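Visitor: Compact mmCIF, C-alpha atoms, saved as coords.txt, coming up:
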# COMPACT_ATOMS: atom_id res chain seq x y z
CA MET A 279 84.78 130.34 70.36
CA PRO A 280 84.07 127.37 72.63
CA GLY A 281 83.84 128.07 76.33
CA PRO A 282 84.74 125.95 79.33
CA ARG A 283 83.55 122.37 79.14
CA PRO A 284 80.62 121.28 81.28
CA SER A 285 81.62 119.57 84.51
CA SER A 286 79.92 117.36 87.08
CA ARG A 287 80.80 116.57 90.70
CA LEU A 288 79.53 114.60 93.68
CA HIS A 289 79.15 116.41 97.02
CA PRO A 290 79.13 114.02 100.02
CA HIS A 291 77.25 115.09 103.14
CA PRO A 292 79.01 114.81 106.55
CA LEU A 293 76.26 112.37 107.61
CA LEU A 294 77.79 109.89 105.17
CA LEU A 295 80.69 109.56 107.62
CA LEU A 296 78.22 108.07 110.11
CA ALA A 297 77.32 105.39 107.56
CA VAL A 298 81.02 104.56 107.10
CA VAL A 299 81.50 104.23 110.87
CA GLY A 300 78.43 101.98 111.04
CA TRP A 301 79.90 99.89 108.24
CA PHE A 302 83.03 99.16 110.26
CA LEU A 303 81.11 98.59 113.49
CA LEU A 304 79.08 95.90 111.74
CA ALA A 305 82.31 93.94 111.25
CA ARG A 306 82.29 93.25 114.99
CA ALA A 307 78.74 91.86 114.98
CA ASP A 308 78.26 88.26 116.19
CA ASP A 309 75.70 87.32 113.54
CA VAL A 310 77.51 87.32 110.18
CA LEU A 311 74.34 87.03 108.11
CA LEU A 312 72.74 89.98 109.90
CA ALA A 313 75.90 92.07 109.45
CA ARG A 314 76.05 91.24 105.73
CA GLY A 315 72.37 92.02 105.31
CA LEU A 316 72.71 95.39 107.03
CA ARG A 317 75.79 96.23 104.97
CA LEU A 318 73.93 95.37 101.78
CA ALA A 319 71.02 97.56 102.89
CA MET A 320 73.41 100.44 103.61
CA LEU A 321 75.03 100.07 100.18
CA LEU A 322 71.65 100.01 98.45
CA ILE A 323 70.42 103.08 100.33
CA VAL A 324 73.54 105.13 99.54
CA ALA A 325 73.54 103.95 95.91
CA ALA A 326 69.86 104.86 95.52
CA ASP A 327 70.52 108.30 97.03
CA VAL A 328 73.43 108.89 94.61
CA VAL A 329 71.42 107.75 91.58
CA TRP A 330 68.48 109.93 92.65
CA ALA A 331 70.73 112.99 92.98
CA VAL A 332 72.34 112.40 89.57
CA VAL A 333 69.01 111.84 87.81
CA ARG A 334 67.39 114.87 89.48
CA THR A 335 70.26 117.16 88.49
CA ARG A 336 70.76 115.79 84.97
CA ARG A 337 67.11 116.11 83.98
CA ALA A 338 66.97 119.78 85.01
CA SER A 339 68.00 122.41 82.48
CA VAL A 340 68.44 126.16 82.48
CA ARG A 341 68.37 128.76 79.71
CA ILE A 342 68.79 132.54 79.63
CA VAL A 343 65.52 134.38 78.94
CA ASP A 344 66.56 138.02 79.43
CA GLN A 345 69.61 139.95 80.57
CA PRO A 346 70.98 143.48 80.89
CA THR A 347 73.22 144.76 78.10
CA SER A 348 75.43 147.13 80.10
CA ALA A 349 76.71 147.48 83.64
CA PHE A 350 79.50 149.04 85.69
CA VAL A 351 82.12 147.00 87.52
CA GLY A 352 80.72 146.02 90.91
CA ASP A 353 77.06 146.39 89.89
CA GLU A 354 74.61 143.74 91.00
CA ILE A 355 73.17 142.23 87.85
CA ALA A 356 70.53 139.57 87.45
CA LEU A 357 69.77 137.28 84.57
CA ASP A 358 66.24 136.08 83.94
CA VAL A 359 66.51 132.31 83.55
CA GLU A 360 64.04 129.55 82.81
CA VAL A 361 64.57 126.35 84.76
CA THR A 362 62.80 123.20 83.59
CA GLY A 363 62.73 119.78 85.18
CA ALA A 364 63.63 121.00 88.67
CA GLY A 365 60.97 118.84 90.32
CA ARG A 366 60.83 119.30 94.09
CA GLY A 367 63.80 121.60 94.12
CA ILE A 368 67.25 122.16 92.76
CA THR A 369 69.82 124.81 93.67
CA VAL A 370 71.01 127.15 90.91
CA GLY A 371 74.02 129.47 91.06
CA MET A 372 76.02 131.68 88.72
CA THR A 373 79.52 130.32 89.29
CA SER A 374 81.10 132.74 86.81
CA SER A 375 80.30 135.48 89.34
CA PRO A 376 82.27 134.68 92.53
CA GLY A 377 80.24 135.14 95.70
CA ALA A 378 76.89 135.25 93.90
CA PRO A 379 74.00 133.97 96.02
CA TRP A 380 72.39 130.63 95.19
CA VAL A 381 68.66 130.32 94.54
CA VAL A 382 66.32 127.35 94.77
CA ALA A 383 64.19 126.48 91.76
CA VAL A 384 61.08 124.37 92.31
CA GLY A 385 59.20 122.98 89.32
CA ASP A 386 59.32 124.74 85.97
CA GLY A 387 59.39 128.50 85.73
CA VAL A 388 61.22 131.75 85.13
CA GLY A 389 63.13 133.58 87.84
CA ARG A 390 66.05 135.92 88.48
CA LEU A 391 69.57 134.59 88.96
CA PRO A 392 71.66 137.20 90.81
CA GLY A 393 75.32 137.94 90.14
CA THR A 394 77.91 140.70 90.15
CA ALA A 395 79.76 142.34 87.27
CA ASN A 396 83.27 141.76 88.60
CA PHE A 397 85.49 142.54 85.62
CA ARG A 398 85.86 145.11 82.86
CA GLY A 399 85.12 144.10 79.29
CA VAL A 400 82.49 142.20 77.35
CA ALA A 401 80.88 139.07 78.78
CA ARG A 402 79.60 136.58 76.24
CA LEU A 403 79.33 133.44 78.40
CA VAL A 404 77.96 132.77 81.85
CA THR A 405 78.65 129.60 83.85
CA VAL A 406 75.67 128.24 85.74
CA GLN A 407 75.74 125.33 88.18
CA LEU A 408 72.75 123.14 89.00
CA ARG A 409 72.99 121.18 92.27
CA GLY A 410 70.59 118.51 93.47
CA HIS A 411 70.41 115.98 96.30
CA GLY A 412 68.75 112.62 96.80
CA PRO A 413 65.86 112.27 99.25
CA LEU A 414 68.21 111.48 102.15
CA GLY A 415 70.70 114.19 101.23
CA LEU A 416 73.67 111.86 101.76
CA VAL A 417 75.32 112.75 98.46
CA GLY A 418 74.67 115.74 96.25
CA PHE A 419 75.47 116.05 92.57
CA SER A 420 76.24 119.21 90.61
CA HIS A 421 76.47 119.95 86.92
CA SER A 422 78.05 123.12 85.52
CA SER A 423 77.52 124.42 82.02
CA SER A 424 78.48 127.56 80.12
CA LEU A 425 75.59 129.37 78.46
CA PRO A 426 76.03 131.94 75.68
CA ILE A 427 74.55 135.39 76.33
CA ARG A 428 74.18 138.55 74.27
CA PRO A 429 77.20 140.82 74.74
CA LEU A 430 77.12 142.36 78.22
CA TRP A 431 79.28 145.51 78.19
CA ILE A 432 80.91 146.07 81.59
CA ALA A 433 82.49 149.51 81.96
CA PRO A 434 84.72 150.90 84.71
CA ARG A 435 82.83 152.76 87.41
CA PRO A 436 82.93 156.52 86.69
CA VAL A 437 84.60 158.76 89.25
CA ALA A 438 82.89 162.04 90.11
CA PRO A 439 85.10 165.16 89.88
CA PRO A 440 85.83 167.09 93.08
CA ALA A 441 83.02 169.33 94.31
CA GLU A 442 84.86 172.54 93.40
CA LEU A 443 86.50 172.43 90.01
CA ARG A 444 88.00 175.79 88.92
CA LEU A 445 89.04 176.00 85.33
CA GLY A 446 91.35 178.82 84.24
CA ALA A 447 92.38 179.69 87.80
CA GLY A 448 95.21 182.25 87.96
CA HIS A 449 94.13 184.40 85.00
CA GLY A 450 92.77 187.20 87.13
CA ASP A 451 89.25 188.41 86.71
CA GLU A 452 89.10 187.93 82.96
CA SER A 453 85.89 186.54 81.68
CA GLY A 454 85.66 184.56 78.50
CA PRO A 455 88.29 182.62 76.61
CA PRO A 456 91.92 183.82 76.61
CA ASP A 457 93.12 185.95 73.65
CA LEU A 458 95.46 183.95 71.43
CA GLY A 459 96.66 186.95 69.44
CA ASP A 460 96.64 187.45 65.67
CA ALA A 461 97.02 183.86 64.61
Let's see the structure in the file written out as structure tokens.
Guide:
Amino acid sequence: MPGPRPSSRLHPHPLLLLAVVGWFLLARADDVLLARGLRLAMLLIVAADVVWAVVRTRRASVRIVDQPTSAFVGDEIALDVEVTGAGRGITVGMTSSPGAPWVVAVGDGVGRLPGTANFRGVARLVTVQLRGHGPLGLVGFSHSSSLPIRPLWIAPRPVAPPAELRLGAGHGDESGPPDLGDA
């Protein structure tokens, strides 16, 4: 059974708006050659930052090393994952668990990826997103992929009975099981 397809997205930083404003202000410059040169430099810097973010994120990979096999709805669960190719740092999150915290992976290694069991049933796939930025942080790039896991059985949370549970109330002071007669 194939899962959701991998997806990729760019994430512009608000500072990029400053570069766009600078771009339009350069149109009013008196020296046309200087304005063109500065615009070309701005384009090259933003393009290099985008390429850096894409390459950094694409070369990183994640795989599941260990996982729990059972949980209750609402339990905090964590998967042990191995991240390779993270370099100076990449952000990793379990997007199949809404509200799960993101962690930063630096270099190659094994760590815990937190999440929450938020539905009842059997989980066989987990969606993980890797997010990286270029050195200037102008544009980030993310890549999501679905990873197969061993079946994770998620049960409803048990409800404790009331503190005082009286069985057979109303039968007087009889002790033992009721007499059913000569059956």
Visitor: To one decimal place, how far is CA of Glu354 (chain A) from CA of Val437 (chain A) in Å?
Guide: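 CA of Val437 (chain A) lies 18.1 Å from CA of Glu354 (chain A).
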Visitor: With all atoms listed in the file as the counted atoms, please give the residues lying no more than 9 Å from region 380-389 of chain A, apart from itself and same-chain residues fewer than 6 positions off, as a list of chain:residue names.
Guide: A:Val343, A:Leu357, A:Asp358, A:Val359, A:Glu360, A:Val361, A:Thr362, A:Gly363, A:Ala364, A:Gly365, A:Arg366, A:Gly367, A:Ile368, A:Thr369, A:Val370, A:Gly371, A:Met372
Visitor: Do you have the CA of Leu425 (chain A)-CA of Gly412 (chain A) distance handy?
Guide: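 So the two atoms, CA of Leu425 (chain A) and CA of Gly412 (chain A), lie 25.8 Å apart.
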Visitor: With distances taken over all atoms listed in the file, which residue among A:Gly410, A:Val351, A:Glu442, A:Pro379 lies nearest Leu430 (chain A)?
Guide: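 Of all the options, A:Val351 lies closest to Leu430 (chain A).
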Visitor: Restricting the calculation to all atoms listed in the file, which member of A:Pro392, A:Gly315, A:Pro434, A:Gly300 is positioned closest to Val404 (chain A)?
Guide: A:Pro392
Visitor: Using CA of Leu312 (chain A) and CA of Asp327 (chain A) as the two end points, give the distance in Å to one decimal.
Guide: 22.5 Å
Visitor: Counting only C-alpha atoms, which residues of region 318-355 of chain A fall within 9 Å of region 394-400 of chain A, and what is the closest atom pair for each with its distance in Å at one decimal, ordered by chain and rising number, as a Markdown table?
Guide:
| residue | atom | partner | partner_atom | distance |
| --- | --- | --- | --- | --- |
| A:Ala349 | CA | A:Ala395 | CA | 7.0 |
| A:Phe350 | CA | A:Ala395 | CA | 6.9 |
| A:Val351 | CA | A:Ala395 | CA | 5.2 |
| A:Gly352 | CA | A:Ala395 | CA | 5.3 |
| A:Asp353 | CA | A:Ala395 | CA | 5.5 |
| A:Glu354 | CA | A:Thr394 | CA | 4.6 |
| A:Ile355 | CA | A:Thr394 | CA | 5.5 |
Visitor: Please list as number ranges by chain every residue within 10 Å of Val406 (chain A), counting only C-alpha atoms and excluding residues in the same chain fewer than 5 positions away.
Guide: A: 284, 340-341, 370-375, 391, 421-425
Visitor: Could you write region 371-421 of chain A of the block just shown to a file containing N, CA and C atoms, as a CSV table (one decimal), in the first residue's frame?
Guide:
chain,number,residue,atom,x,y,z
A,371,GLY,N,11.2,17.0,11.9
A,371,GLY,CA,10.0,17.0,12.6
A,371,GLY,C,9.1,15.8,12.1
A,372,MET,N,8.3,15.3,13.0
A,372,MET,CA,7.3,14.3,12.6
A,372,MET,C,6.0,15.0,12.3
A,373,THR,N,5.8,15.2,11.0
A,373,THR,CA,4.6,15.9,10.5
A,373,THR,C,3.3,15.1,10.6
A,374,SER,N,3.4,13.8,10.7
A,374,SER,CA,2.2,12.9,10.8
A,374,SER,C,1.7,13.0,12.2
A,375,SER,N,2.4,13.7,13.1
A,375,SER,CA,1.9,13.9,14.5
A,375,SER,C,1.7,15.4,14.7
A,376,PRO,N,0.5,15.9,14.5
A,376,PRO,CA,0.3,17.4,14.6
A,376,PRO,C,0.8,17.9,16.0
A,377,GLY,N,1.5,19.0,16.0
A,377,GLY,CA,2.0,19.7,17.2
A,377,GLY,C,3.2,19.0,17.8
A,378,ALA,N,3.8,18.1,17.1
A,378,ALA,CA,5.1,17.5,17.6
A,378,ALA,C,6.2,18.5,17.5
A,379,PRO,N,7.1,18.5,18.6
A,379,PRO,CA,8.2,19.4,18.5
A,379,PRO,C,9.2,19.0,17.5
A,380,TRP,N,9.9,20.0,17.0
A,380,TRP,CA,11.0,19.8,16.0
A,380,TRP,C,12.3,19.7,16.7
A,381,VAL,N,13.2,18.9,16.2
A,381,VAL,CA,14.5,18.8,16.7
A,381,VAL,C,15.6,19.2,15.7
A,382,VAL,N,16.8,19.5,16.1
A,382,VAL,CA,17.8,19.9,15.2
A,382,VAL,C,18.9,18.8,15.2
A,383,ALA,N,19.2,18.3,14.0
A,383,ALA,CA,20.2,17.2,13.9
A,383,ALA,C,21.4,17.9,13.3
A,384,VAL,N,22.6,17.6,13.9
A,384,VAL,CA,23.9,18.1,13.5
A,384,VAL,C,24.8,16.9,13.2
A,385,GLY,N,25.3,16.9,12.0
A,385,GLY,CA,26.2,15.8,11.6
A,385,GLY,C,25.4,14.5,11.5
A,386,ASP,N,26.1,13.4,11.6
A,386,ASP,CA,25.4,12.0,11.5
A,386,ASP,C,25.2,11.5,12.9
A,387,GLY,N,24.1,10.8,13.1
A,387,GLY,CA,23.9,10.2,14.4
A,387,GLY,C,22.5,9.7,14.6
A,388,VAL,N,22.3,9.1,15.8
A,388,VAL,CA,21.0,8.6,16.2
A,388,VAL,C,20.4,9.5,17.3
A,389,GLY,N,19.1,9.7,17.2
A,389,GLY,CA,18.5,10.5,18.2
A,389,GLY,C,17.0,10.2,18.3
A,390,ARG,N,16.3,10.8,19.2
A,390,ARG,CA,14.9,10.6,19.4
A,390,ARG,C,14.1,11.7,18.7
A,391,LEU,N,13.0,11.2,18.0
A,391,LEU,CA,12.1,12.1,17.3
A,391,LEU,C,10.8,12.0,18.0
A,392,PRO,N,10.4,13.1,18.8
A,392,PRO,CA,9.2,13.0,19.6
A,392,PRO,C,7.9,13.2,18.7
A,393,GLY,N,6.8,12.6,19.3
A,393,GLY,CA,5.5,12.7,18.6
A,393,GLY,C,4.4,12.3,19.6
A,394,THR,N,3.2,12.3,19.1
A,394,THR,CA,2.1,12.0,20.0
A,394,THR,C,1.2,11.0,19.2
A,395,ALA,N,0.7,9.9,19.9
A,395,ALA,CA,-0.2,9.0,19.3
A,395,ALA,C,-1.6,9.7,19.4
A,396,ASN,N,-2.1,10.2,18.2
A,396,ASN,CA,-3.3,11.0,18.3
A,396,ASN,C,-4.5,10.4,17.6
A,397,PHE,N,-4.4,9.1,17.3
A,397,PHE,CA,-5.6,8.4,16.8
A,397,PHE,C,-5.6,7.0,17.2
A,398,ARG,N,-6.7,6.3,17.1
A,398,ARG,CA,-6.9,4.9,17.4
A,398,ARG,C,-6.7,4.0,16.2
A,399,GLY,N,-5.9,3.0,16.4
A,399,GLY,CA,-5.7,2.1,15.2
A,399,GLY,C,-4.3,1.6,15.1
A,400,VAL,N,-3.9,1.2,13.9
A,400,VAL,CA,-2.6,0.7,13.7
A,400,VAL,C,-1.8,1.7,12.8
A,401,ALA,N,-0.7,2.2,13.2
A,401,ALA,CA,0.1,3.1,12.4
A,401,ALA,C,1.2,2.2,11.7
A,402,ARG,N,1.3,2.4,10.4
A,402,ARG,CA,2.3,1.7,9.6
A,402,ARG,C,3.2,2.6,8.8
A,403,LEU,N,2.9,3.9,8.8
A,403,LEU,CA,3.7,4.9,8.1
A,403,LEU,C,3.9,6.1,9.1
A,404,VAL,N,5.0,6.8,8.9
A,404,VAL,CA,5.2,8.0,9.7
A,404,VAL,C,5.8,9.0,8.6
A,405,THR,N,5.3,10.2,8.7
A,405,THR,CA,5.7,11.3,7.7
A,405,THR,C,6.7,12.2,8.5
A,406,VAL,N,7.9,12.3,7.9
A,406,VAL,CA,9.0,13.0,8.5
A,406,VAL,C,9.4,14.1,7.6
A,407,GLN,N,9.6,15.3,8.1
A,407,GLN,CA,10.0,16.5,7.3
A,407,GLN,C,11.4,16.9,7.7
A,408,LEU,N,12.3,17.1,6.7
A,408,LEU,CA,13.6,17.6,6.9
A,408,LEU,C,13.6,19.1,6.4
A,409,ARG,N,14.1,20.0,7.1
A,409,ARG,CA,14.1,21.4,6.7
A,409,ARG,C,15.5,22.0,6.9
A,410,GLY,N,16.0,22.6,5.9
A,410,GLY,CA,17.3,23.2,5.9
A,410,GLY,C,17.3,24.6,5.4
A,411,HIS,N,18.3,25.4,5.7
A,411,HIS,CA,18.4,26.8,5.2
A,411,HIS,C,19.8,27.0,4.7
A,412,GLY,N,19.9,28.0,3.8
A,412,GLY,CA,21.2,28.4,3.3
A,412,GLY,C,22.0,29.2,4.4
A,413,PRO,N,23.2,29.6,4.1
A,413,PRO,CA,24.0,30.3,5.2
A,413,PRO,C,23.4,31.6,5.6
A,414,LEU,N,22.7,32.3,4.7
A,414,LEU,CA,22.1,33.6,5.0
A,414,LEU,C,20.7,33.4,5.6
A,415,GLY,N,20.1,32.3,5.4
A,415,GLY,CA,18.8,32.0,5.9
A,415,GLY,C,17.7,32.8,5.2
A,416,LEU,N,17.9,33.2,4.0
A,416,LEU,CA,16.9,34.0,3.3
A,416,LEU,C,15.8,33.1,2.8
A,417,VAL,N,16.1,31.9,2.4
A,417,VAL,CA,15.1,30.9,1.9
A,417,VAL,C,15.4,29.6,2.5
A,418,GLY,N,14.4,28.9,3.0
A,418,GLY,CA,14.6,27.6,3.5
A,418,GLY,C,13.9,26.6,2.6
A,419,PHE,N,14.3,25.4,2.7
A,419,PHE,CA,13.8,24.3,1.8
A,419,PHE,C,13.4,23.1,2.7
A,420,SER,N,12.3,22.5,2.4
A,420,SER,CA,11.9,21.3,3.2
A,420,SER,C,11.5,20.2,2.3
A,421,HIS,N,11.7,19.0,2.8
A,421,HIS,CA,11.4,17.8,2.0
A,421,HIS,C,10.7,16.8,3.0
